[in-house]
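> For reference, this is coords.cif, and it has mmCIF, C-alpha atoms.
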data_final
#
loop_
_atom_site.group_PDB
_atom_site.id
_atom_site.type_symbol
_atom_site.label_atom_id
_atom_site.label_comp_id
_atom_site.auth_asym_id
_atom_site.auth_seq_id
_atom_site.Cartn_x
_atom_site.Cartn_y
_atom_site.Cartn_z
ATOM 1 C CA MET B 919 -123.704 9.920 42.173
ATOM 2 C CA THR B 920 -122.009 7.383 39.908
ATOM 3 C CA THR B 921 -124.188 6.239 37.033
ATOM 4 C CA ILE B 922 -123.707 4.827 33.562
ATOM 5 C CA LYS B 923 -126.145 5.106 30.669
ATOM 6 C CA ILE B 924 -125.823 2.236 28.211
ATOM 7 C CA ALA B 925 -127.461 2.514 24.785
ATOM 8 C CA LEU B 926 -128.889 -0.814 23.620
ATOM 9 C CA ILE B 927 -128.832 -0.890 19.824
ATOM 10 C CA GLN B 928 -131.843 -2.944 18.735
ATOM 11 C CA GLN B 929 -131.533 -2.359 15.001
ATOM 12 C CA LYS B 930 -131.260 -4.453 11.850
ATOM 13 C CA ALA B 931 -127.891 -4.904 10.189
ATOM 14 C CA VAL B 932 -127.309 -5.520 6.480
ATOM 15 C CA PRO B 933 -126.588 -9.239 5.944
ATOM 16 C CA ASN B 934 -122.912 -9.864 5.196
ATOM 17 C CA ASN B 935 -122.019 -6.260 4.338
ATOM 18 C CA LYS B 936 -119.434 -4.876 6.737
ATOM 19 C CA GLU B 937 -119.093 -1.547 4.898
ATOM 20 C CA ALA B 938 -122.830 -0.837 5.158
ATOM 21 C CA ASN B 939 -122.895 -1.965 8.772
ATOM 22 C CA LEU B 940 -120.009 0.334 9.669
ATOM 23 C CA LYS B 941 -122.021 3.259 8.267
ATOM 24 C CA LEU B 942 -125.031 2.156 10.308
ATOM 25 C CA ALA B 943 -122.858 1.840 13.409
ATOM 26 C CA ILE B 944 -121.634 5.410 12.978
ATOM 27 C CA LYS B 945 -125.228 6.617 12.597
ATOM 28 C CA TYR B 946 -126.474 4.805 15.695
ATOM 29 C CA ILE B 947 -123.503 5.852 17.838
ATOM 30 C CA LYS B 948 -124.159 9.499 16.963
ATOM 31 C CA GLU B 949 -127.851 9.065 17.815
ATOM 32 C CA ALA B 950 -126.972 7.378 21.105
ATOM 33 C CA HIS B 951 -124.622 10.251 21.918
ATOM 34 C CA LYS B 952 -127.476 12.718 21.418
ATOM 35 C CA LYS B 953 -129.553 10.640 23.852
ATOM 36 C CA GLY B 954 -126.867 11.090 26.506
ATOM 37 C CA ALA B 955 -125.405 7.594 26.402
ATOM 38 C CA ASP B 956 -122.071 6.931 28.070
ATOM 39 C CA LEU B 957 -121.530 3.677 26.218
ATOM 40 C CA VAL B 958 -123.102 2.055 23.139
ATOM 41 C CA LEU B 959 -123.760 -1.702 23.010
ATOM 42 C CA PHE B 960 -124.288 -3.507 19.697
ATOM 43 C CA PRO B 961 -125.799 -6.936 19.062
ATOM 44 C CA GLU B 962 -123.547 -9.896 18.332
ATOM 45 C CA MET B 963 -121.294 -9.864 15.254
ATOM 46 C CA TRP B 964 -122.645 -6.573 13.905
ATOM 47 C CA SER B 965 -120.168 -6.549 11.010
ATOM 48 C CA ASN B 966 -122.159 -9.225 9.172
ATOM 49 C CA GLY B 967 -125.426 -9.085 11.108
ATOM 50 C CA TYR B 968 -124.808 -12.666 12.223
ATOM 51 C CA ALA B 969 -126.093 -13.652 8.781
ATOM 52 C CA PRO B 970 -125.176 -17.112 7.424
ATOM 53 C CA PRO B 971 -123.002 -17.608 4.319
ATOM 54 C CA PHE B 972 -125.647 -19.776 2.636
ATOM 55 C CA GLU B 973 -129.159 -21.054 3.248
ATOM 56 C CA ASP B 974 -129.412 -23.575 6.091
ATOM 57 C CA ALA B 975 -125.814 -22.927 7.146
ATOM 58 C CA PHE B 976 -126.915 -22.812 10.781
ATOM 59 C CA ASN B 977 -128.056 -26.435 10.548
ATOM 60 C CA HIS B 978 -125.450 -27.725 8.090
ATOM 61 C CA PRO B 979 -122.413 -25.435 8.293
ATOM 62 C CA LEU B 980 -120.036 -28.010 6.797
ATOM 63 C CA ALA B 981 -122.160 -28.833 3.738
ATOM 64 C CA THR B 982 -119.648 -29.760 1.036
ATOM 65 C CA SER B 983 -121.475 -28.023 -1.819
ATOM 66 C CA PHE B 984 -121.023 -24.551 -0.306
ATOM 67 C CA GLY B 985 -117.246 -24.335 0.047
ATOM 68 C CA ALA B 986 -116.937 -21.076 -1.900
ATOM 69 C CA GLU B 987 -119.672 -19.345 0.101
ATOM 70 C CA ARG B 988 -118.126 -20.523 3.338
ATOM 71 C CA PHE B 989 -114.660 -19.316 2.289
ATOM 72 C CA LYS B 990 -116.000 -15.885 1.310
ATOM 73 C CA TRP B 991 -117.867 -15.523 4.629
ATOM 74 C CA LEU B 992 -114.799 -16.401 6.686
ATOM 75 C CA ASN B 993 -112.588 -14.175 4.540
ATOM 76 C CA GLU B 994 -114.687 -11.147 5.505
ATOM 77 C CA ALA B 995 -113.186 -11.320 9.008
ATOM 78 C CA ILE B 996 -111.896 -7.970 10.292
ATOM 79 C CA GLU B 997 -108.389 -7.172 11.490
ATOM 80 C CA GLU B 998 -107.708 -5.044 14.556
ATOM 81 C CA ASP B 999 -106.012 -2.344 12.461
ATOM 82 C CA SER B 1000 -108.785 -2.322 9.837
ATOM 83 C CA THR B 1001 -110.838 0.664 8.720
ATOM 84 C CA TYR B 1002 -113.795 -0.827 10.595
ATOM 85 C CA VAL B 1003 -112.059 -0.719 13.980
ATOM 86 C CA LEU B 1004 -110.035 2.454 13.416
ATOM 87 C CA THR B 1005 -113.155 4.375 12.351
ATOM 88 C CA LEU B 1006 -114.993 3.396 15.537
ATOM 89 C CA LYS B 1007 -112.012 4.302 17.696
ATOM 90 C CA LYS B 1008 -111.802 7.715 16.021
ATOM 91 C CA LEU B 1009 -115.533 8.305 16.508
ATOM 92 C CA ALA B 1010 -115.366 7.319 20.185
ATOM 93 C CA LYS B 1011 -112.624 9.889 20.713
ATOM 94 C CA GLU B 1012 -114.489 12.610 18.796
ATOM 95 C CA LEU B 1013 -117.730 12.092 20.717
ATOM 96 C CA GLN B 1014 -116.028 11.077 23.971
ATOM 97 C CA ILE B 1015 -118.287 8.040 24.205
ATOM 98 C CA GLY B 1016 -117.670 4.372 24.952
ATOM 99 C CA ILE B 1017 -118.444 1.714 22.354
ATOM 100 C CA CYS B 1018 -118.884 -2.036 22.683
ATOM 101 C CA ALA B 1019 -118.411 -3.013 19.042
ATOM 102 C CA THR B 1020 -118.849 -6.529 17.650
ATOM 103 C CA TYR B 1021 -117.562 -8.258 14.549
ATOM 104 C CA LEU B 1022 -116.143 -11.397 12.987
ATOM 105 C CA SER B 1023 -112.438 -10.955 13.717
ATOM 106 C CA LYS B 1024 -109.412 -12.254 11.865
ATOM 107 C CA THR B 1025 -106.732 -14.208 13.713
ATOM 108 C CA GLU B 1026 -103.705 -16.261 12.693
ATOM 109 C CA GLN B 1027 -105.906 -19.340 13.027
ATOM 110 C CA LYS B 1028 -109.695 -19.402 12.546
ATOM 111 C CA PRO B 1029 -111.801 -16.228 12.747
ATOM 112 C CA GLN B 1030 -113.473 -15.404 16.053
ATOM 113 C CA ASN B 1031 -116.744 -13.921 17.268
ATOM 114 C CA THR B 1032 -115.402 -10.802 18.963
ATOM 115 C CA ALA B 1033 -116.512 -7.846 21.064
ATOM 116 C CA ILE B 1034 -114.263 -4.930 21.940
ATOM 117 C CA ILE B 1035 -114.755 -2.019 24.312
ATOM 118 C CA ILE B 1036 -113.406 1.354 23.219
ATOM 119 C CA ASP B 1037 -113.107 4.108 25.824
ATOM 120 C CA ARG B 1038 -113.808 7.833 25.525
ATOM 121 C CA LYS B 1039 -110.230 8.449 24.389
ATOM 122 C CA GLY B 1040 -110.609 6.087 21.470
ATOM 123 C CA GLU B 1041 -108.458 3.396 23.074
ATOM 124 C CA MET B 1042 -109.357 -0.291 23.026
ATOM 125 C CA ILE B 1043 -109.580 -1.350 26.671
ATOM 126 C CA LEU B 1044 -111.035 -4.850 26.211
ATOM 127 C CA ASP B 1045 -110.788 -7.404 23.417
ATOM 128 C CA TYR B 1046 -112.918 -10.478 24.053
ATOM 129 C CA SER B 1047 -113.738 -13.449 21.838
ATOM 130 C CA LYS B 1048 -116.730 -15.667 22.559
ATOM 131 C CA VAL B 1049 -115.723 -18.625 24.689
ATOM 132 C CA HIS B 1050 -118.887 -20.711 24.345
ATOM 133 C CA THR B 1051 -119.134 -20.811 20.572
ATOM 134 C CA CYS B 1052 -122.201 -22.601 19.201
ATOM 135 C CA ASP B 1053 -120.246 -25.629 17.994
ATOM 136 C CA PHE B 1054 -123.491 -27.434 17.186
ATOM 137 C CA SER B 1055 -124.155 -24.811 14.510
ATOM 138 C CA LEU B 1056 -122.422 -22.238 12.286
ATOM 139 C CA GLU B 1057 -119.811 -21.313 14.880
ATOM 140 C CA ILE B 1058 -118.124 -24.675 14.480
ATOM 141 C CA LEU B 1059 -116.245 -22.735 11.758
ATOM 142 C CA LEU B 1060 -114.809 -20.345 14.358
ATOM 143 C CA GLN B 1061 -112.133 -20.431 17.025
ATOM 144 C CA SER B 1062 -113.335 -20.159 20.611
ATOM 145 C CA GLY B 1063 -111.977 -17.536 22.967
ATOM 146 C CA GLU B 1064 -109.880 -18.695 25.903
ATOM 147 C CA GLU B 1065 -110.464 -16.115 28.637
ATOM 148 C CA PHE B 1066 -113.150 -13.954 30.194
ATOM 149 C CA LYS B 1067 -111.969 -10.375 30.608
ATOM 150 C CA VAL B 1068 -112.804 -7.288 32.668
ATOM 151 C CA CYS B 1069 -111.850 -3.664 32.060
ATOM 152 C CA GLU B 1070 -112.460 -0.324 33.763
ATOM 153 C CA PHE B 1071 -114.569 2.337 32.068
ATOM 154 C CA ASP B 1072 -115.322 5.612 33.891
ATOM 155 C CA GLY B 1073 -114.256 3.897 37.116
ATOM 156 C CA ILE B 1074 -116.753 1.049 36.553
ATOM 157 C CA LYS B 1075 -115.644 -2.554 36.085
ATOM 158 C CA LEU B 1076 -117.174 -3.999 32.889
ATOM 159 C CA GLY B 1077 -117.131 -7.535 31.541
ATOM 160 C CA VAL B 1078 -118.485 -9.061 28.336
ATOM 161 C CA MET B 1079 -120.142 -12.361 27.534
ATOM 162 C CA ILE B 1080 -121.588 -13.035 24.081
ATOM 163 C CA CYS B 1081 -124.967 -14.709 23.485
ATOM 164 C CA TYR B 1082 -124.458 -18.457 24.175
ATOM 165 C CA ASP B 1083 -121.975 -17.544 26.946
ATOM 166 C CA ARG B 1084 -125.074 -16.354 28.775
ATOM 167 C CA GLU B 1085 -126.325 -19.935 29.054
ATOM 168 C CA PHE B 1086 -123.379 -21.094 31.169
ATOM 169 C CA PRO B 1087 -123.286 -19.876 34.778
ATOM 170 C CA GLU B 1088 -119.491 -20.082 34.725
ATOM 171 C CA SER B 1089 -119.254 -17.146 32.296
ATOM 172 C CA ALA B 1090 -120.803 -14.561 34.595
ATOM 173 C CA ARG B 1091 -119.269 -16.220 37.662
ATOM 174 C CA VAL B 1092 -115.728 -15.784 36.384
ATOM 175 C CA LEU B 1093 -116.454 -12.188 35.366
ATOM 176 C CA MET B 1094 -117.816 -11.466 38.848
ATOM 177 C CA LEU B 1095 -114.742 -13.039 40.457
ATOM 178 C CA LYS B 1096 -112.577 -10.797 38.255
ATOM 179 C CA GLY B 1097 -114.417 -7.762 39.600
ATOM 180 C CA ALA B 1098 -117.116 -7.070 37.011
ATOM 181 C CA GLU B 1099 -119.909 -4.806 38.238
ATOM 182 C CA ILE B 1100 -121.822 -4.747 34.943
ATOM 183 C CA ILE B 1101 -121.734 -7.349 32.182
ATOM 184 C CA LEU B 1102 -122.426 -6.384 28.578
ATOM 185 C CA VAL B 1103 -124.117 -9.047 26.438
ATOM 186 C CA PRO B 1104 -124.128 -8.706 22.631
ATOM 187 C CA ASN B 1105 -126.816 -11.140 21.457
ATOM 188 C CA ALA B 1106 -128.198 -12.716 18.273
ATOM 189 C CA CYS B 1107 -130.990 -15.211 18.890
ATOM 190 C CA ASP B 1108 -134.629 -15.516 19.840
ATOM 191 C CA MET B 1109 -135.203 -14.238 23.375
ATOM 192 C CA ASN B 1110 -137.921 -16.170 25.146
ATOM 193 C CA PRO B 1111 -138.847 -16.237 28.858
ATOM 194 C CA PRO B 1112 -136.427 -19.077 29.725
ATOM 195 C CA ARG B 1113 -133.494 -17.182 28.239
ATOM 196 C CA LEU B 1114 -134.475 -13.921 29.897
ATOM 197 C CA ASN B 1115 -134.872 -15.743 33.210
ATOM 198 C CA GLN B 1116 -131.495 -17.352 32.633
ATOM 199 C CA LEU B 1117 -129.945 -13.929 32.128
ATOM 200 C CA ASN B 1118 -131.606 -12.603 35.263
ATOM 201 C CA SER B 1119 -130.331 -15.620 37.197
ATOM 202 C CA ARG B 1120 -126.770 -14.597 36.269
ATOM 203 C CA VAL B 1121 -127.609 -11.162 37.669
ATOM 204 C CA PHE B 1122 -129.084 -12.465 40.913
ATOM 205 C CA GLU B 1123 -126.434 -15.044 41.782
ATOM 206 C CA ASN B 1124 -123.475 -12.739 41.049
ATOM 207 C CA MET B 1125 -124.949 -9.387 42.095
ATOM 208 C CA VAL B 1126 -123.902 -7.837 38.778
ATOM 209 C CA GLY B 1127 -125.838 -5.600 36.439
ATOM 210 C CA VAL B 1128 -126.446 -6.901 32.923
ATOM 211 C CA ALA B 1129 -127.215 -5.079 29.669
ATOM 212 C CA MET B 1130 -128.142 -7.155 26.606
ATOM 213 C CA ALA B 1131 -128.625 -5.878 23.036
ATOM 214 C CA ASN B 1132 -130.314 -8.070 20.420
ATOM 215 C CA TYR B 1133 -131.432 -7.783 16.814
ATOM 216 C CA PRO B 1134 -135.134 -6.990 16.267
ATOM 217 C CA GLY B 1135 -137.427 -9.584 14.757
ATOM 218 C CA GLU B 1136 -140.374 -11.781 15.560
ATOM 219 C CA LYS B 1137 -139.528 -13.627 18.802
ATOM 220 C CA TRP B 1138 -136.095 -11.897 18.818
ATOM 221 C CA GLY B 1139 -135.464 -8.414 20.231
ATOM 222 C CA ARG B 1140 -136.334 -8.062 23.905
ATOM 223 C CA SER B 1141 -133.127 -6.097 24.557
ATOM 224 C CA THR B 1142 -132.935 -5.956 28.318
ATOM 225 C CA ALA B 1143 -131.098 -4.537 31.290
ATOM 226 C CA PHE B 1144 -131.329 -5.910 34.825
ATOM 227 C CA SER B 1145 -130.131 -4.398 38.089
ATOM 228 C CA PRO B 1146 -128.731 -6.820 40.661
ATOM 229 C CA ILE B 1147 -130.827 -5.186 43.376
ATOM 230 C CA VAL B 1148 -133.747 -7.577 43.890
ATOM 231 C CA PHE B 1149 -134.574 -6.670 47.510
ATOM 232 C CA ASP B 1150 -135.135 -3.248 49.035
ATOM 233 C CA GLU B 1151 -133.799 -2.029 52.387
ATOM 234 C CA ASN B 1152 -136.633 -3.854 54.188
ATOM 235 C CA GLY B 1153 -135.878 -7.149 52.491
ATOM 236 C CA ASP B 1154 -138.940 -6.968 50.248
ATOM 237 C CA TYR B 1155 -138.702 -8.046 46.615
ATOM 238 C CA ARG B 1156 -138.447 -5.301 44.019
ATOM 239 C CA ASP B 1157 -138.604 -5.637 40.253
ATOM 240 C CA ASN B 1158 -135.020 -5.377 39.027
ATOM 241 C CA THR B 1159 -135.852 -4.838 35.352
ATOM 242 C CA ILE B 1160 -134.362 -1.545 34.207
ATOM 243 C CA ILE B 1161 -135.633 -1.869 30.647
ATOM 244 C CA GLU B 1162 -137.090 -4.546 28.406
ATOM 245 C CA THR B 1163 -138.043 -3.825 24.819
ATOM 246 C CA ASP B 1164 -140.508 -5.747 22.670
ATOM 247 C CA ASP B 1165 -139.314 -8.132 19.986
ATOM 248 C CA VAL B 1166 -139.838 -6.238 16.723
ATOM 249 C CA SER B 1167 -139.300 -2.549 17.531
ATOM 250 C CA GLU B 1168 -136.187 -0.943 16.123
ATOM 251 C CA GLY B 1169 -134.559 1.723 18.225
ATOM 252 C CA ILE B 1170 -131.867 2.883 20.607
ATOM 253 C CA PHE B 1171 -132.878 2.222 24.189
ATOM 254 C CA ILE B 1172 -131.123 3.742 27.213
ATOM 255 C CA ALA B 1173 -130.508 1.659 30.327
ATOM 256 C CA GLU B 1174 -129.212 3.600 33.325
ATOM 257 C CA PHE B 1175 -127.404 1.891 36.194
ATOM 258 C CA ASN B 1176 -126.896 3.553 39.593
ATOM 259 C CA LEU B 1177 -123.499 2.280 40.713
ATOM 260 C CA ASP B 1178 -123.749 3.798 44.187
ATOM 261 C CA GLU B 1179 -126.836 1.706 44.934
ATOM 262 C CA ILE B 1180 -125.364 -1.393 43.293
ATOM 263 C CA ARG B 1181 -122.099 -1.138 45.231
ATOM 264 C CA ASN B 1182 -123.890 -0.669 48.522
ATOM 265 C CA TYR B 1183 -126.071 -3.707 47.787
ATOM 266 C CA ARG B 1184 -123.042 -5.838 46.883
ATOM 267 C CA GLU B 1185 -121.279 -4.878 50.101
ATOM 268 C CA ASN B 1186 -124.182 -6.009 52.263
ATOM 269 C CA GLU B 1187 -125.950 -8.939 50.568
ATOM 270 C CA THR B 1188 -125.105 -12.637 50.687
ATOM 271 C CA TRP B 1189 -124.540 -13.693 47.054
ATOM 272 C CA GLY B 1190 -121.605 -13.113 44.728
ATOM 273 C CA ASN B 1191 -118.379 -14.251 46.380
ATOM 274 C CA ALA B 1192 -119.362 -13.660 50.008
ATOM 275 C CA TYR B 1193 -120.036 -17.225 51.181
ATOM 276 C CA ARG B 1194 -118.880 -19.533 48.397
ATOM 277 C CA LYS B 1195 -117.143 -22.851 49.169
ATOM 278 C CA PRO B 1196 -114.766 -23.204 46.193
ATOM 279 C CA GLN B 1197 -112.919 -26.130 47.780
ATOM 280 C CA THR B 1198 -115.965 -28.268 46.968
ATOM 281 C CA TYR B 1199 -116.184 -27.248 43.309
ATOM 282 C CA THR B 1200 -113.337 -29.293 41.803
ATOM 283 C CA ASP B 1201 -115.734 -31.267 39.586
ATOM 284 C CA LEU B 1202 -116.505 -28.044 37.734
ATOM 285 C CA ILE B 1203 -113.092 -28.023 36.085
ATOM 286 C CA SER B 1204 -113.144 -31.649 34.977
ATOM 287 C CA SER B 1205 -112.979 -32.022 31.197
ATOM 288 C CA ASP B 1206 -114.791 -35.373 31.201
ATOM 289 C CA VAL B 1207 -118.056 -35.454 29.250
ATOM 290 C CA LYS B 1208 -120.301 -38.373 30.144
ATOM 291 C CA ALA B 1209 -123.691 -39.534 28.928
ATOM 292 C CA PRO B 1210 -126.217 -38.068 28.312
ATOM 293 C CA PHE B 1211 -124.086 -35.089 27.242
ATOM 294 C CA LYS B 1212 -121.731 -36.786 24.779
ATOM 295 C CA ARG B 1213 -122.028 -35.342 21.282
ATOM 296 C CA ASN B 1214 -120.420 -36.204 17.958
#
Kindly return the structure encoded in the file as structure tokens.


Amino acid sequence: MTTIKIALIQQKAVPNNKEANLKLAIKYIKEAHKKGADLVLFPEMWSNGYAPPFEDAFNHPLATSFGAERFKWLNEAIEEDSTYVLTLKKLAKELQIGICATYLSKTEQKPQNTAIIIDRKGEMILDYSKVHTCDFSLEILLQSGEEFKVCEFDGIKLGVMICYDREFPESARVLMLKGAEIILVPNACDMNPPRLNQLNSRVFENMVGVAMANYPGEKWGRSTAFSPIVFDENGDYRDNTIIETDDVSEGIFIAEFNLDEIRNYRENETWGNAYRKPQTYTDLISSDVKAPFKRN
């Protein structure tokens, strides 16, 4: 039987302290390994805890009086050959465990909101930067990613979408079309019923499993994993929630996916890419933005 156990890290990070957060990451990866996890999933931008550079930066990221704070925050971006990344790669190899690590990454242009997947050999097998950056907020300071990516871990096709990516059906759709069987979702926001339902919709329409890890906090948390199997062999509905935490509890929560069942379901059900009509979807790739969706 082919299964994968994904550890959802619902823990607090230290605001804007990448050295402290690396130490916490090491601690939680070791704990997840003891719990039998195959792969460890962190919330979004763990290196700084998705903490703002100054008060009210989420609402006014370009405020002129906070140039120094903004510069310092952006300058904490992490390079691929940094101690942060190399330490996690070494630990993955030592423990023979997969890691989906997240951080503010340094590029030749603007920093990016990045997630990488490291395999059991300590090799980076996926490097993804958030496509749907929150340009209405703090992430206007960052450079958007340009491609959704899929990799193979233990013979299982994995994709990644980060937080706000979740709110666009195209994100999961492209990952499904590229072969993803499970999508990992590092998250950093309040998780209410509409957003959880949104996430489950991505699961249903693409017949992919999803695992989401979020920071704990009032109205946050709710780290969740969904199976794509929503009907049993008789066609009756079955609850596809594998795990859902509460909002404030801190912990490491294991979500186990049965790939044999998922693959059988995908081979026989009607969603995903079985009966699409892509020749009618040309409007989806238009770059025109019309009212009421125009923004400054």

> May I have a table of the residues of range 975-1089 of chain B lying at most 12 Å from range 926-938 of chain B, giving each one's closest pair of atoms and their distance in Å to one decimal, counting all atoms listed in the file, ordered by chain and ascending residue number, as a tab-separated table?


residue	atom	partner	partner_atom	distance
B:Glu987	CA	B:Asn934	CA	11.2
B:Arg988	CA	B:Asn934	CA	11.8
B:Lys990	CA	B:Asn934	CA	10.0
B:Trp991	CA	B:Asn934	CA	7.6
B:Leu992	CA	B:Asn934	CA	10.5
B:Asn993	CA	B:Asn934	CA	11.2
B:Glu994	CA	B:Lys936	CA	8.0
B:Ala995	CA	B:Lys936	CA	9.3
B:Ile996	CA	B:Lys936	CA	8.9
B:Ser1000	CA	B:Lys936	CA	11.4
B:Thr1001	CA	B:Glu937	CA	9.4
B:Tyr1002	CA	B:Glu937	CA	7.8
B:Val1003	CA	B:Lys936	CA	11.1
B:Thr1005	CA	B:Glu937	CA	11.2
B:Ile1017	CA	B:Leu926	CA	10.8
B:Cys1018	CA	B:Leu926	CA	10.1
B:Ala1019	CA	B:Ile927	CA	10.7
B:Thr1020	CA	B:Lys936	CA	11.1
B:Tyr1021	CA	B:Lys936	CA	8.7
B:Leu1022	CA	B:Lys936	CA	9.6
B:Ser1023	CA	B:Lys936	CA	11.6

> Measuring atom to atom with all atoms listed in the file, identify which of B:Thr1198, B:Ser1141, B:Ser965, B:Asn1182 is nearest to Ile1170 in chain B.

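Among B:Thr1198, B:Ser1141, B:Ser965, B:Asn1182, it is B:Ser1141 that comes nearest to Ile1170 in chain B.
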
> Using Å and a single decimal, report how far CA of Phe1066 in chain B sits from CA of Arg1140 in chain B.

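Atom-to-atom, CA of Arg1140 in chain B and CA of Phe1066 in chain B are spaced 24.7 Å apart.
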
> Could you expand the PyMOL selection byres ((chain B and resi 1098-1110) around 7) into the explicit residues it covers here, written as an MDAnalysis selection string?

chainID B and resid 960:962 968 1068 1074:1081 1093:1094 1096:1097 1111:1114 1126:1133 1137:1140

> Could you tell me how far CA of Asp1165 in chain B sits from CA of Phe972 in chain B, in Å to one decimal place?

25.0 Å

> Nearest to Leu1117 in chain B: which of B:Trp964, B:Tyr1082, B:Phe1211, B:Phe1149 is it, counting only C-alpha atoms?

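Ranked by minimum distance to Leu1117 in chain B, first place goes to B:Tyr1082.
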
> Rounded to one decimal place, report the CA of Leu1004 in chain B-CA of Ile922 in chain B distance in Å.

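Computing the Euclidean distance for CA of Leu1004 in chain B and CA of Ile922 in chain B yields 24.5 Å.
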
> Considering all atoms listed in the file, state which residue in the set B:Asn1191, B:Gln1061, B:Ser1204, B:Ser1145 is at the smallest distance from Leu1177 in chain B.

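With all atoms listed in the file as the atom set, the closest residue is B:Ser1145.
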
> Go through B:Leu1095, B:Ile1036, B:Leu1059, B:Ile1203 one by one, measure the shortest atom-to-atom distance of each to Leu980 in chain B using all atoms listed in the file, and give the residue with the smallest value.

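Checking each of B:Leu1095, B:Ile1036, B:Leu1059, B:Ile1203 against Leu980 in chain B, counting all atoms listed in the file, the winner is B:Leu1059.
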
> What do you get, as a PyMOL selection string, if you spell out every residue that the PyMOL selection byres ((chain B and resi 1011) around 9) selects here?

chain B and resi 1006-1010+1012-1016+1036-1041

> For the selection just defined, write its residues with C-alpha atoms to a file, as a tab-separated table (two decimals), in the frame of the given file.


chain	number	residue	atom	x	y	z
B	1006	LEU	CA	-114.99	3.40	15.54
B	1007	LYS	CA	-112.01	4.30	17.70
B	1008	LYS	CA	-111.80	7.72	16.02
B	1009	LEU	CA	-115.53	8.30	16.51
B	1010	ALA	CA	-115.37	7.32	20.18
B	1012	GLU	CA	-114.49	12.61	18.80
B	1013	LEU	CA	-117.73	12.09	20.72
B	1014	GLN	CA	-116.03	11.08	23.97
B	1015	ILE	CA	-118.29	8.04	24.20
B	1016	GLY	CA	-117.67	4.37	24.95
B	1036	ILE	CA	-113.41	1.35	23.22
B	1037	ASP	CA	-113.11	4.11	25.82
B	1038	ARG	CA	-113.81	7.83	25.52
B	1039	LYS	CA	-110.23	8.45	24.39
B	1040	GLY	CA	-110.61	6.09	21.47
B	1041	GLU	CA	-108.46	3.40	23.07

> At a cut-off of 7 Å, using all atoms listed in the file, what residues contact Trp1189 in chain B? Leave out same-chain residues fewer than 4 positions from it and give the result as number ranges by chain.

B: 1123-1125

> Ranking B:Thr1159, B:Thr1200, B:Ser1089, B:Ser1055 by minimum distance to Asp974 in chain B and counting only C-alpha atoms, which one comes first?

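So, comparing all the options, the nearest one is B:Ser1055.
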
> Using all atoms listed in the file, find the one residue out of B:Asp1053, B:Thr920, B:Leu957, B:Glu1136 that sits nearest to Ile1172 in chain B.

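Nearest candidate to Ile1172 in chain B out of B:Asp1053, B:Thr920, B:Leu957, B:Glu1136: B:Leu957.
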
> Do you know which residues lie at most 8 Å from (-135.6, -6.3, 33.0), with coordinates as in the file and only C-alpha atoms counted, and could you write them as a PyMOL selection string?

chain B and resi 1118+1142-1145+1157-1162
